[in-house]
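As provided, target-v7.cif (mmCIF, C-alpha atoms) reads as follows.
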```cif
data_structure
loop_
_atom_site.label_atom_id
_atom_site.label_comp_id
_atom_site.auth_asym_id
_atom_site.auth_seq_id
_atom_site.Cartn_x
_atom_site.Cartn_y
_atom_site.Cartn_z
CA MET A 1 244.03 63.69 -115.87
CA GLY A 2 241.63 62.05 -113.43
CA ARG A 3 238.46 60.33 -114.38
CA THR A 4 235.26 62.34 -114.73
CA ASP A 5 232.46 62.00 -112.20
CA GLU A 6 230.42 60.01 -114.64
CA GLU A 7 233.30 57.59 -115.29
CA LEU A 8 233.72 57.15 -111.56
CA VAL A 9 230.02 56.37 -111.23
CA GLU A 10 230.36 53.70 -113.90
CA ALA A 11 233.40 52.27 -112.14
CA CYS A 12 231.55 52.17 -108.84
CA LEU A 13 228.64 50.39 -110.45
CA ALA A 14 231.11 47.89 -111.88
CA GLY A 15 232.22 47.04 -108.32
CA GLU A 16 235.07 49.47 -107.76
CA ASP A 17 234.12 50.86 -104.34
CA SER A 18 237.11 53.16 -104.15
CA ALA A 19 235.62 55.12 -107.06
CA PHE A 20 232.94 56.41 -104.75
CA ASP A 21 235.66 57.54 -102.32
CA VAL A 22 236.98 59.75 -105.08
CA LEU A 23 233.54 61.20 -105.74
CA LEU A 24 233.09 61.78 -102.03
CA GLY A 25 236.41 63.54 -101.70
CA ARG A 26 235.59 65.66 -104.71
CA TRP A 27 232.12 66.81 -103.68
CA GLU A 28 231.64 66.34 -99.94
CA LYS A 29 232.94 69.75 -98.88
CA ARG A 30 230.96 71.68 -101.47
CA ILE A 31 227.74 69.79 -100.89
CA ARG A 32 228.13 70.20 -97.18
CA GLY A 33 228.76 73.94 -97.60
CA ALA A 34 225.64 74.33 -99.71
CA ILE A 35 223.55 72.42 -97.19
CA HIS A 36 225.01 74.48 -94.37
CA ARG A 37 223.95 77.70 -96.04
CA LEU A 38 220.52 76.30 -96.83
CA VAL A 39 219.68 74.90 -93.39
CA GLY A 40 221.88 77.19 -91.31
CA SER A 41 223.55 74.61 -89.09
CA ASP A 42 226.83 72.76 -89.39
CA GLU A 43 225.55 69.79 -87.39
CA GLU A 44 222.52 69.42 -89.59
CA ALA A 45 224.69 69.92 -92.63
CA ARG A 46 226.84 66.97 -91.55
CA ASP A 47 223.82 64.73 -91.12
CA LEU A 48 222.17 65.79 -94.33
CA CYS A 49 225.40 65.54 -96.27
CA GLN A 50 225.91 61.97 -95.11
CA GLU A 51 222.31 61.23 -95.93
CA ALA A 52 222.72 62.74 -99.39
CA PHE A 53 225.79 60.64 -100.19
CA LEU A 54 224.19 57.49 -98.83
CA LYS A 55 221.13 58.14 -100.90
CA ALA A 56 223.28 58.77 -103.95
CA TYR A 57 225.21 55.57 -103.30
CA LYS A 58 222.09 53.48 -102.91
CA ASN A 59 220.47 54.97 -106.00
CA LEU A 60 223.57 55.10 -108.15
CA ARG A 61 221.95 52.83 -110.73
CA SER A 62 219.10 55.28 -111.19
CA PHE A 63 221.54 58.07 -112.09
CA LYS A 64 221.10 58.92 -115.74
CA GLN A 65 224.18 60.09 -117.52
CA GLU A 66 222.13 62.79 -119.30
CA ALA A 67 222.83 65.21 -116.46
CA ARG A 68 226.06 65.75 -114.61
CA PHE A 69 226.67 63.73 -111.48
CA SER A 70 227.19 66.93 -109.47
CA SER A 71 223.78 68.27 -110.54
CA TRP A 72 222.17 65.01 -109.53
CA LEU A 73 223.97 65.13 -106.19
CA TYR A 74 222.90 68.75 -105.59
CA GLN A 75 219.37 67.76 -106.45
CA ILE A 76 219.40 65.02 -103.82
CA ALA A 77 220.90 67.39 -101.24
CA LEU A 78 218.45 70.15 -102.06
CA ASN A 79 215.47 67.83 -101.70
CA LEU A 80 216.75 66.67 -98.33
CA CYS A 81 217.15 70.30 -97.25
CA ARG A 82 213.64 71.12 -98.38
CA ASP A 83 212.26 68.19 -96.39
CA ARG A 84 214.20 69.28 -93.34
CA MET A 85 213.08 72.90 -93.69
CA ARG A 86 209.47 71.85 -94.09
CA ARG A 87 209.72 69.89 -90.85
CA ARG A 88 211.16 72.73 -88.85
CA ARG A 89 209.50 75.63 -90.61
CA GLY A 90 209.50 78.70 -88.42
CA LYS A 91 212.85 78.14 -86.81
CA THR A 92 215.92 80.24 -87.43
CA MET A 93 217.54 79.48 -90.75
CA VAL A 94 221.00 80.76 -90.00
CA SER A 95 222.64 79.98 -86.70
CA LEU A 96 223.94 83.30 -85.47
CA ASP A 97 225.91 81.51 -82.78
CA GLU A 98 227.92 79.81 -85.45
CA LEU A 99 228.47 83.06 -87.23
CA GLU A 100 229.65 84.59 -83.98
CA GLU A 101 232.22 81.89 -83.59
CA GLY A 102 234.06 83.70 -86.33
CA GLY A 103 234.68 80.97 -88.80
CA ALA A 104 237.45 81.00 -91.32
CA ALA A 105 237.58 84.79 -91.48
CA MET A 106 238.42 84.98 -87.77
CA THR A 107 241.29 82.55 -88.01
CA VAL A 108 243.12 84.41 -90.75
CA ALA A 109 246.03 86.37 -89.35
CA GLY A 110 246.50 89.92 -90.53
CA PRO A 111 243.28 91.90 -90.31
CA THR A 112 242.79 94.16 -87.32
CA ALA A 113 240.16 93.51 -84.69
CA LEU A 114 238.01 96.22 -86.23
CA ASP A 115 238.28 94.56 -89.62
CA LEU A 116 237.25 91.26 -88.11
CA LEU A 117 234.30 92.81 -86.34
CA GLN A 118 233.20 94.52 -89.53
CA GLU A 119 233.60 91.29 -91.46
CA ARG A 120 231.59 89.43 -88.89
CA ASP A 121 228.87 92.05 -88.97
CA MET A 122 228.79 91.96 -92.72
CA SER A 123 228.69 88.19 -92.71
CA ARG A 124 225.74 88.30 -90.37
CA LEU A 125 223.98 90.98 -92.38
CA VAL A 126 224.34 89.08 -95.61
CA ALA A 127 223.28 85.81 -94.00
CA ARG A 128 220.17 87.45 -92.60
CA ALA A 129 219.33 89.11 -95.89
CA ILE A 130 219.60 85.82 -97.76
CA GLU A 131 217.68 84.00 -95.07
CA ALA A 132 214.80 86.42 -95.53
CA LEU A 133 214.45 85.65 -99.24
CA PRO A 134 211.73 83.33 -100.53
CA ASP A 135 213.02 79.74 -100.77
CA GLU A 136 213.03 79.66 -104.56
CA GLN A 137 215.25 82.76 -104.73
CA ARG A 138 217.42 81.77 -101.79
CA GLU A 139 218.25 78.39 -103.28
CA ILE A 140 219.32 79.94 -106.55
CA ILE A 141 221.39 82.67 -104.91
CA ILE A 142 223.23 80.04 -102.85
CA LEU A 143 223.79 77.71 -105.78
CA LYS A 144 224.94 80.56 -108.00
CA GLU A 145 226.90 82.82 -105.67
CA TYR A 146 228.39 80.32 -103.24
CA GLN A 147 228.50 77.09 -105.21
CA GLY A 148 229.34 78.59 -108.55
CA LEU A 149 226.92 76.45 -110.54
CA THR A 150 226.13 77.54 -114.06
CA PHE A 151 222.63 78.56 -115.04
CA LEU A 152 222.26 75.28 -116.90
CA GLU A 153 223.33 73.26 -113.86
CA ILE A 154 220.94 75.13 -111.59
CA ALA A 155 218.17 74.57 -114.09
CA GLN A 156 218.97 70.84 -114.00
CA VAL A 157 219.13 70.74 -110.22
CA LEU A 158 215.83 72.54 -109.84
CA ASP A 159 214.29 71.03 -112.94
CA VAL A 160 213.11 74.40 -114.26
CA PRO A 161 213.94 76.36 -117.44
CA ILE A 162 217.04 78.53 -117.49
CA SER A 163 214.90 81.64 -117.99
CA THR A 164 213.09 80.85 -114.73
CA VAL A 165 216.41 80.51 -112.96
CA LYS A 166 217.52 83.90 -114.26
CA THR A 167 214.24 85.59 -113.33
CA ARG A 168 214.36 84.26 -109.80
CA LEU A 169 218.01 85.18 -109.47
CA TYR A 170 217.36 88.70 -110.70
CA ARG A 171 214.51 89.20 -108.24
CA GLY A 172 216.57 87.74 -105.44
CA LEU A 173 219.48 90.05 -106.17
CA ASP A 174 217.14 93.03 -106.28
CA GLN A 175 215.67 92.16 -102.88
CA LEU A 176 219.10 91.60 -101.43
CA ARG A 177 220.33 94.94 -102.69
CA SER A 178 217.37 96.77 -101.14
CA ARG A 179 217.69 94.96 -97.85
CA LEU A 180 221.42 95.42 -97.52
CA GLU A 181 221.05 99.06 -98.42
CA ARG A 182 218.51 99.47 -95.64
CA GLU A 183 220.90 97.74 -93.26
CA GLY A 184 223.53 100.34 -94.04
CA LEU A 185 225.74 98.32 -96.31
CA ARG A 186 227.22 100.32 -99.15
CA GLY A 187 224.50 101.25 -101.60
CA THR A 188 224.01 99.85 -105.02
CA ALA A 189 222.02 101.32 -107.81
CA PRO A 190 218.38 100.19 -107.87
CA LEU A 191 217.54 97.62 -110.50
CA PRO A 192 214.81 98.23 -113.02
CA ALA A 193 211.56 96.45 -112.23
CA PRO A 194 211.52 92.91 -113.64
CA THR A 195 209.10 92.34 -116.46
CA SER A 196 208.59 88.60 -116.20
CA MET B 1 213.46 100.33 -121.95
CA MET B 2 212.19 97.45 -124.03
CA GLU B 3 215.76 96.79 -125.09
CA CYS B 4 216.84 96.88 -121.42
CA ASP B 5 214.27 94.22 -120.49
CA ARG B 6 215.09 92.09 -123.49
CA LEU B 7 218.77 92.07 -122.59
CA ARG B 8 218.29 91.40 -118.88
CA ASP B 9 219.16 87.70 -119.08
CA ASP B 10 222.12 88.52 -121.28
CA ARG B 11 223.37 91.00 -118.70
CA LEU B 12 223.19 88.26 -116.09
CA ASP B 13 225.23 86.02 -118.38
CA VAL B 14 227.82 88.79 -118.63
CA LEU B 15 227.71 89.41 -114.88
CA TYR B 16 228.45 85.75 -114.13
CA GLY B 17 230.89 85.24 -116.96
CA GLU B 18 228.69 82.84 -118.89
CA ALA B 19 228.07 84.98 -121.93
CA ASP B 20 229.43 83.88 -125.28
CA ALA B 21 231.20 86.38 -127.50
CA SER B 22 228.12 87.52 -129.42
CA THR B 23 226.08 88.05 -126.24
CA ARG B 24 228.90 89.98 -124.64
CA ARG B 25 229.19 92.22 -127.69
CA ARG B 26 225.45 92.82 -127.74
CA VAL B 27 225.38 93.80 -124.09
CA GLU B 28 228.44 96.04 -124.43
CA GLU B 29 226.80 97.88 -127.31
CA HIS B 30 223.68 98.41 -125.23
CA LEU B 31 225.59 99.54 -122.17
CA ALA B 32 227.42 102.11 -124.28
CA SER B 33 224.14 103.87 -124.92
CA CYS B 34 222.18 103.06 -121.70
CA GLY B 35 223.30 104.71 -118.47
CA ALA B 36 220.66 102.94 -116.34
CA CYS B 37 221.79 99.45 -117.36
CA ARG B 38 225.42 100.45 -116.92
CA GLU B 39 224.68 101.64 -113.43
CA GLU B 40 222.66 98.53 -112.70
CA LEU B 41 225.46 96.23 -113.78
CA THR B 42 227.96 98.14 -111.66
CA GLY B 43 225.57 97.87 -108.70
CA LEU B 44 225.18 94.12 -109.20
CA LYS B 45 228.95 93.67 -109.29
CA ARG B 46 229.22 95.54 -105.97
CA LEU B 47 226.40 93.47 -104.53
CA ARG B 48 228.20 90.27 -105.50
CA GLN B 49 231.29 91.53 -103.69
CA ASP B 50 229.17 92.23 -100.61
CA LEU B 51 227.70 88.73 -100.73
CA ARG B 52 231.18 87.28 -100.36
CA ALA B 53 231.17 88.56 -96.78
CA TRP B 54 229.03 85.59 -95.75
CA THR B 55 231.63 83.06 -94.68
CA LEU B 56 230.92 79.78 -92.95
CA PRO B 57 232.67 78.71 -89.75
CA GLU B 58 235.19 75.90 -90.03
CA SER B 59 233.27 72.69 -90.24
CA ARG B 60 233.42 70.53 -87.14
CA GLY B 61 233.36 66.81 -86.83
CA PRO B 62 235.12 63.95 -88.51
CA ALA B 63 235.19 63.51 -92.23
CA PHE B 64 232.42 61.48 -93.72
CA VAL B 65 233.23 57.80 -94.09
CA ALA B 66 232.34 56.43 -97.47
CA PRO B 67 229.78 53.67 -97.53
CA ARG B 68 230.96 50.22 -98.56
CA ARG B 69 229.24 47.52 -100.45
CA ALA B 70 229.00 44.27 -98.53
CA SER B 71 232.30 42.39 -98.69
CA LEU B 72 233.27 38.82 -97.79
CA TRP B 73 235.36 39.45 -94.68
CA LEU B 74 232.41 40.55 -92.57
CA PRO B 75 230.36 37.35 -92.92
CA LEU B 76 233.57 35.32 -92.48
CA ALA B 77 234.45 37.10 -89.26
CA ALA B 78 230.89 36.72 -88.01
CA GLY B 79 230.97 33.00 -88.82
CA PHE B 80 234.26 32.54 -87.00
CA LEU B 81 232.98 34.27 -83.88
CA LEU B 82 229.81 32.21 -83.98
CA ALA B 83 231.77 28.96 -84.28
CA LEU B 84 234.04 30.01 -81.42
CA GLY B 85 231.05 30.75 -79.23
CA VAL B 86 229.38 27.45 -79.99
CA GLY B 87 232.63 25.56 -79.31
CA LEU B 88 233.20 27.23 -75.97
CA GLY B 89 229.60 26.63 -74.98
CA TRP B 90 229.83 22.93 -75.84
CA SER B 91 233.06 22.54 -73.87
CA GLY B 92 231.37 23.99 -70.80
CA ALA B 93 233.51 27.10 -70.61
CA GLU B 94 232.23 29.79 -68.32
CA LEU B 95 232.65 33.51 -68.57
CA ARG B 96 232.01 35.13 -65.21
CA TYR B 97 231.96 38.72 -64.00
CA ASP B 98 231.37 39.29 -60.29
CA ASP B 99 232.96 40.96 -57.23
CA ARG B 100 236.16 39.13 -57.96
CA GLY B 101 236.30 40.58 -61.43
CA LEU B 102 236.19 39.02 -64.85
CA GLY B 103 236.95 35.33 -64.98
CA VAL B 104 237.04 32.66 -67.61
CA ARG B 105 236.93 29.01 -66.74
CA LEU B 106 237.41 26.32 -69.32
CA GLY B 107 235.92 22.87 -68.90
CA ARG B 108 232.60 21.62 -67.66
CA PRO B 109 231.44 22.81 -64.22
CA GLN B 110 230.54 20.44 -61.31
CA PRO B 111 226.85 19.94 -60.73
CA ALA B 112 225.47 22.68 -58.54
CA PHE B 113 224.20 20.42 -55.77
CA GLN B 114 227.69 18.86 -55.31
CA THR B 115 229.20 22.30 -54.90
CA ALA B 116 226.52 23.29 -52.39
CA LEU B 117 227.05 20.05 -50.41
CA ALA B 118 230.77 20.60 -50.21
CA GLU B 119 230.25 24.15 -48.98
CA GLN B 120 227.79 22.96 -46.34
CA GLU B 121 230.20 20.32 -45.06
CA ALA B 122 232.96 22.89 -44.80
CA ARG B 123 230.69 25.20 -42.79
CA ALA B 124 229.67 22.34 -40.43
CA LEU B 125 233.31 21.44 -39.86
CA ALA B 126 234.17 25.03 -39.04
CA ARG B 127 231.27 25.25 -36.55
CA ASP B 128 232.36 21.96 -34.90
CA GLN B 129 235.85 23.31 -34.44
CA ASP B 130 234.46 26.48 -32.88
CA TYR B 131 232.41 24.47 -30.37
CA ARG B 132 235.42 22.35 -29.47
CA ARG B 133 237.49 25.44 -28.80
CA GLU B 134 234.70 26.87 -26.63
CA ILE B 135 234.40 23.68 -24.54
CA ALA B 136 238.14 23.56 -24.05
CA GLY B 137 238.05 27.12 -22.80
CA LEU B 138 235.29 26.33 -20.27
CA LYS B 139 237.17 23.32 -19.00
CA ALA B 140 240.23 25.44 -18.43
CA ALA B 141 238.13 28.00 -16.54
CA LEU B 142 236.70 25.25 -14.27
CA ALA B 143 240.14 23.93 -13.58
CA SER B 144 241.31 27.38 -12.47
CA GLY B 145 238.51 27.54 -9.75
CA LEU B 146 234.80 28.56 -9.51
CA PRO B 147 232.92 30.57 -6.77
CA GLU B 148 231.37 28.47 -3.86
CA PRO B 149 228.16 26.74 -4.86
CA VAL B 150 224.83 28.30 -3.77
CA SER B 151 223.19 26.23 -0.94
CA GLY B 152 220.67 28.82 0.28
CA HIS B 153 220.45 32.50 1.00
CA SER B 154 223.44 33.95 2.79
CA ARG B 155 223.16 36.53 5.54
CA ASP B 156 223.80 39.33 3.15
CA ASP B 157 221.05 38.05 0.94
CA GLN B 158 218.54 38.01 3.82
CA ALA B 159 219.43 41.55 4.73
CA LEU B 160 219.03 42.48 1.15
CA LEU B 161 215.64 40.80 1.03
CA ALA B 162 214.56 42.61 4.20
CA HIS B 163 215.72 45.87 2.71
CA VAL B 164 213.81 45.24 -0.45
CA ALA B 165 210.68 44.33 1.55
CA GLU B 166 211.08 47.55 3.50
CA MET B 167 211.37 49.51 0.33
CA ILE B 168 208.29 47.87 -1.06
CA LYS B 169 206.38 48.73 2.12
CA GLU B 170 207.49 52.32 1.96
CA SER B 171 206.52 52.50 -1.65
CA GLU B 172 203.09 51.15 -0.89
CA ALA B 173 202.67 53.66 1.90
CA ARG B 174 203.66 56.47 -0.41
CA GLN B 175 201.23 55.29 -3.01
CA GLY B 176 198.43 55.01 -0.39
CA ALA B 177 199.12 58.55 0.85
CA ARG B 178 199.15 59.82 -2.70
CA LEU B 179 195.84 58.08 -3.34
CA GLU B 180 194.29 59.60 -0.23
CA THR B 181 195.50 63.05 -1.20
CA THR B 182 194.03 62.59 -4.65
CA LEU B 183 190.72 61.41 -3.22
CA ALA B 184 190.61 64.32 -0.77
CA ARG B 185 191.35 66.74 -3.58
CA PHE B 186 188.61 65.10 -5.59
CA ASP B 187 186.21 65.42 -2.65
CA ARG B 188 187.04 69.06 -2.27
CA LYS B 189 186.51 69.63 -5.90
CA GLU B 190 183.19 67.79 -5.81
CA GLU B 191 182.09 69.79 -2.79
CA ALA B 192 182.99 73.05 -4.49
CA GLN B 193 181.09 72.00 -7.58
CA ARG B 194 178.08 71.02 -5.50
CA ARG B 195 178.08 74.34 -3.69
CA TYR B 196 178.41 76.19 -6.95
CA ASP B 197 175.49 74.29 -8.40
CA LEU B 198 173.39 74.94 -5.32
CA ALA B 199 174.18 78.62 -5.47
CA ARG B 200 173.10 78.70 -9.10
CA ILE B 201 169.90 76.86 -8.29
CA ALA B 202 169.19 79.28 -5.43
CA ALA B 203 169.87 82.21 -7.67
CA GLY B 204 167.58 80.73 -10.30
CA LEU B 205 164.83 80.15 -7.80
CA SER B 206 165.09 83.62 -6.38
CA TYR B 207 164.92 84.98 -9.90
CA LEU B 208 161.81 82.92 -10.51
CA ASP B 209 160.42 84.08 -7.19
CA GLY B 210 161.08 87.64 -8.15
CA LYS B 211 159.45 87.16 -11.52
CA ASN B 212 156.57 85.42 -9.92
CA GLY B 213 156.22 88.25 -7.37
CA GLN B 214 156.19 90.83 -10.10
CA HIS B 215 153.66 88.81 -11.99
CA VAL B 216 151.43 88.57 -8.91
CA ALA B 217 151.76 92.27 -8.27
CA ARG B 218 150.89 93.05 -11.83
CA THR B 219 147.94 90.67 -11.80
CA THR B 220 146.71 92.26 -8.61
CA GLU B 221 147.06 95.66 -10.15
CA LEU B 222 145.14 94.53 -13.21
CA MET B 223 142.48 92.97 -11.05
CA GLY B 224 142.20 96.30 -9.22
CA TYR B 225 141.66 98.06 -12.48
CA VAL B 226 139.04 95.53 -13.52
CA LEU B 227 137.26 95.85 -10.20
CA ASP B 228 137.41 99.60 -10.39
CA ALA B 229 135.95 99.45 -13.84
CA ALA B 230 133.24 97.03 -12.82
CA HIS B 231 132.32 98.91 -9.71
CA PRO B 232 132.99 102.58 -10.28
CA ARG B 233 133.25 104.50 -7.10
#
```

Kindly present the structure from the file in structure tokens form.
Amino acid sequence: MGRTDEELVEACLAGEDSAFDVLLGRWEKRIRGAIHRLVGSDEEARDLCQEAFLKAYKNLRSFKQEARFSSWLYQIALNLCRDRMRRRRGKTMVSLDELEEGGAAMTVAGPTALDLLQERDMSRLVARAIEALPDEQREIIILKEYQGLTFLEIAQVLDVPISTVKTRLYRGLDQLRSRLEREGLRGTAPLPAPTS
Amino acid sequence: MMECDRLRDDRLDVLYGEADASTRRRVEEHLASCGACREELTGLKRLRQDLRAWTLPESRGPAFVAPRRASLWLPLAAGFLLALGVGLGWSGAELRYDDRGLGVRLGRPQPAFQTALAEQEARALARDQDYRREIAGLKAALASGLPEPVSGHSRDDQALLAHVAEMIKESEARQGARLETTLARFDRKEEAQRRYDLARIAAGLSYLDGKNGQHVARTTELMGYVLDAAHPR
């Protein structure tokens, strides 16, 4: 059984540099994926991911063991994404060129060309629908659906109550359902109007 | 409906697999009696499946290199390189990169003026050797025989001079004739201009005469009227 993130942080602070390598190997891909979905560009995701890990490394002493290391790391990454988005507000969030390159789905052998085209179209549709959401809903959808964070972790990352996370998620899902339905994706039943 | 709203967060917990046993039981009991919430939960499950369609392209670029805290080898290496540089500089070593490529010379260089002096001497020696070769060549040419020395104009030269003088005379004559022709042409042009001017003056005068004549005639006529008026017949 390997050491936990928090134990690795302690080891790193004690002078064991290789401990941070382990943390990096454990979280780099996921953090980078989250950033990619948030800012819409692989290149930017690389830069911001490096920046996030450097920032984490420099501020490792300020990490409080009350929260999980991953939540703290997501928080750093999310703040960097928000800064970046504020700076280039108005530009395209999701790079359609990158989506058109096919990605992992295109490299998998087996599906027919029609399947791949449909997958690509669906990928683009979903990306656009999520891109159109308000930031507060989009962040939660990405953290929940694509990063698999728990409600508690998202609440820690965003520093908001769990009920707020759930409300925003619910509204986001409702908007996504409507939008995707309009775009011709298979229909889902309408959700009741949120009360809070 | 109130129950539906109250259980909304619980349904999300169930949807994402975060519900504990009691929450799951509570939601299941509600779903058993509420078609709308059942339908909603089914719709959300489908939506979640649809959201999986958003895949990211394979990430490009090298893996991120972990940062390192400052270690001892870096300052040591820097110190070694610095010491090496200082040592080479003190010994007078020279690193050169020019048309001949990269070169390293160890040891102190000669003073610049000594190098320049040596180069100048070499150039002077080369020039001296060139002159000597040239003089030797001239001497050899003299030894092999020169044309007879010039003691005055030969017959051919006098004929040539006479021919040149003749040509000069002819040229002067041609120029004189050309000048006369030009002057004559100028004279003719002047004469034509003069005649033209005279003709214009004559025409002007005759016009004035004519005007004057008309004026006189008209004055006479007017005077006749005046006289007729003054002395009615």

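Here CA of Lys55 (chain A) is placed at a distance of 27.8 Å from CA of Thr164 (chain A).
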
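One finds CA of Ser163 (chain A) at 24.8 Å from CA of Ala32 (chain B).
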
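In this structure, CA of Glu28 (chain B) sits 28.7 Å away from CA of Arg179 (chain A).
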
Where's the centre, and what are the edge lengths in Å to one decimal, of a box along x, y and z enclosing all listed atoms of region 156-159 of chain A padded 8 Å per side, as lines of an AutoDock Vina configuration file?
```
center_x = 216.7
center_y = 71.6
center_z = -111.9
size_x = 20.8
size_y = 17.8
size_z = 20.2
```

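You can rank B:Thr182, B:Gln49, B:Thr42, B:Gln158 by their closest distance to Leu185 (chain A) using all atoms listed in the file, and at the top of that list sits B:Gln49.
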